[in-house]
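Asker: Below is one structure. I have some questions about it.
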Amino acid sequence: MADVFLDLWGVLADSRKMTPAYRQKAAEILWSRQGGSIAAWLRAHEAAEAWYEAHMSDPETWKAGTWIEVVNSADAEHVVRLFREAGAPPPADPLALSKSLTLEVMSAIDSAFPDARPAVARLRKAGHRVFVSTNATEENARGALAGARLLEEIDGVITGETQNANKTDPSYWRGIVDRMRVDPAKSFVVDDRNEYLRPAGLVGFRCLLMDREGKHPAVTMPAYVSATLRNLAGLPQYVQDAVRAARVRA
């Protein structure tokens with residue numbers, strides 16, 4: 001049997017569903033607990049999020065420490081800016097609030113793609129182990145998976161936090177091999193971003209690109225991508241066929 005590592009956002013869950021739903025739910029919670037108005041918290045969220053995205057996309061940001069140090073610092077600052085924009089006094093422990101709010105809000109939102117739960121169920125029924133491999137934090141990943149009703153259906157969650165590394169770093173994937181004792185040659189990684197598949201391929205994983213919108217013609221695929229997928233419906237059969245072919249070759 002095989003080990004299958006599925007990315008969270010873009011493969012299992014749809015950020016286009018989560019983003020507006022998260023913004024609204026978080027604003028309602030903060031308004032109910034901190035006062036002000038929902039509109040004010042919505043505006044504050046947009047301002048803080050704009051800062052966060054710009055900050056995290058700056059390569060200089062990642063030179064300030066380890067993955068965990070950089071992300072924790074940014075998540076805490078995001079909350080401070082959120083409260084300041086809303087005209088509320090920042091919490092004593094902004095990082096703790098960031099973690100608890102993320103988990104609470106995402107656990108209440110189902111952002112799964114329609115093909116996610118059936119594909120996971122088929123893979124596990126066939127005897128394969130299914131893991132989520134994401135660049136997100138623990139709260140983001142586990143909250144989103146709980147909301148999508150997938151957390152209890154998978155064999156484990158690997159995050160940037162557990163690896164203390166970015167998915168663009170081969171050490172993220174080597175850590176999976178070393179700690180989980182998986183054979184990358186018999187494992188599949190599914191992601192919607194080539195920059196995450198490239199280091200996985202360097203470590204020896206079999207890489208599949210999720211291309212839900214058909215933006216990447218097969219002829220443009222780099223050598224480390226074995227195949228492209230338009231959705232997860234065909235993944236269980238692909239894995240099964242690959243495992244069977246390996247047995248025949250052996």
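Scheme for the structure tokens: letters A, B, ... for chains in order shown; per-chain residue numbers from 1; ligand numbers from 1 in order shown.
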Output as a count of residues only all residues of region 139-240 of chain A that backbone DSSP marks as alpha helix (DSSP H).

Answerer: 40

Asker: Extract, using only C-alpha atoms, all DNA, RNA and protein residues at most 7 Å from region 96-108 of chain A, discarding same-chain residues fewer than 3 positions from it, and format them as number ranges by chain.

Answerer: A: 22, 25-26, 75-76, 79, 93, 139-140, 143-144, 146-147

Asker: Can you list, as a list in words, every protein, DNA or RNA residue that comes within 7 Å of region 47-60 of chain A when you count only C-alpha atoms, leaving out same-chain residues fewer than 6 positions away?

Answerer: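 Result of the neighbour search: His78, Arg81 and Leu82 of chain A.
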
Asker: Those same residues - N, CA, C and O atoms - I'd like them written as a PDB file, in the first residue's frame.

Answerer:
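The resulting file, again_28.pdb, is shown below:
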```pdb
ATOM      1  N   HIS A  78      -0.417  40.447  13.911  1.00  0.00           N
ATOM      2  CA  HIS A  78      -1.688  40.540  13.177  1.00  0.00           C
ATOM      3  C   HIS A  78      -2.829  40.848  14.133  1.00  0.00           C
ATOM      4  O   HIS A  78      -3.693  41.692  13.848  1.00  0.00           O
ATOM      5  N   ARG A  81      -2.603  44.484  15.450  1.00  0.00           N
ATOM      6  CA  ARG A  81      -3.066  45.420  14.428  1.00  0.00           C
ATOM      7  C   ARG A  81      -4.581  45.332  14.246  1.00  0.00           C
ATOM      8  O   ARG A  81      -5.250  46.343  14.028  1.00  0.00           O
ATOM      9  N   LEU A  82      -5.120  44.123  14.320  1.00  0.00           N
ATOM     10  CA  LEU A  82      -6.563  43.927  14.201  1.00  0.00           C
ATOM     11  C   LEU A  82      -7.309  44.704  15.280  1.00  0.00           C
ATOM     12  O   LEU A  82      -8.253  45.452  14.991  1.00  0.00           O
TER      13      LEU A  82
END
```

Asker: I'd like to know which of A:Leu235, A:Gly36, A:Thr19, A:Leu197 is closest to Ala88 (chain A), using only C-alpha atoms.

Answerer: A:Gly36

Asker: Got a sec to tell me which of region 102-162 of chain A DSSP assigns to strand (DSSP E), as a ChimeraX atom specification?

Answerer: /A:129-133,156-158
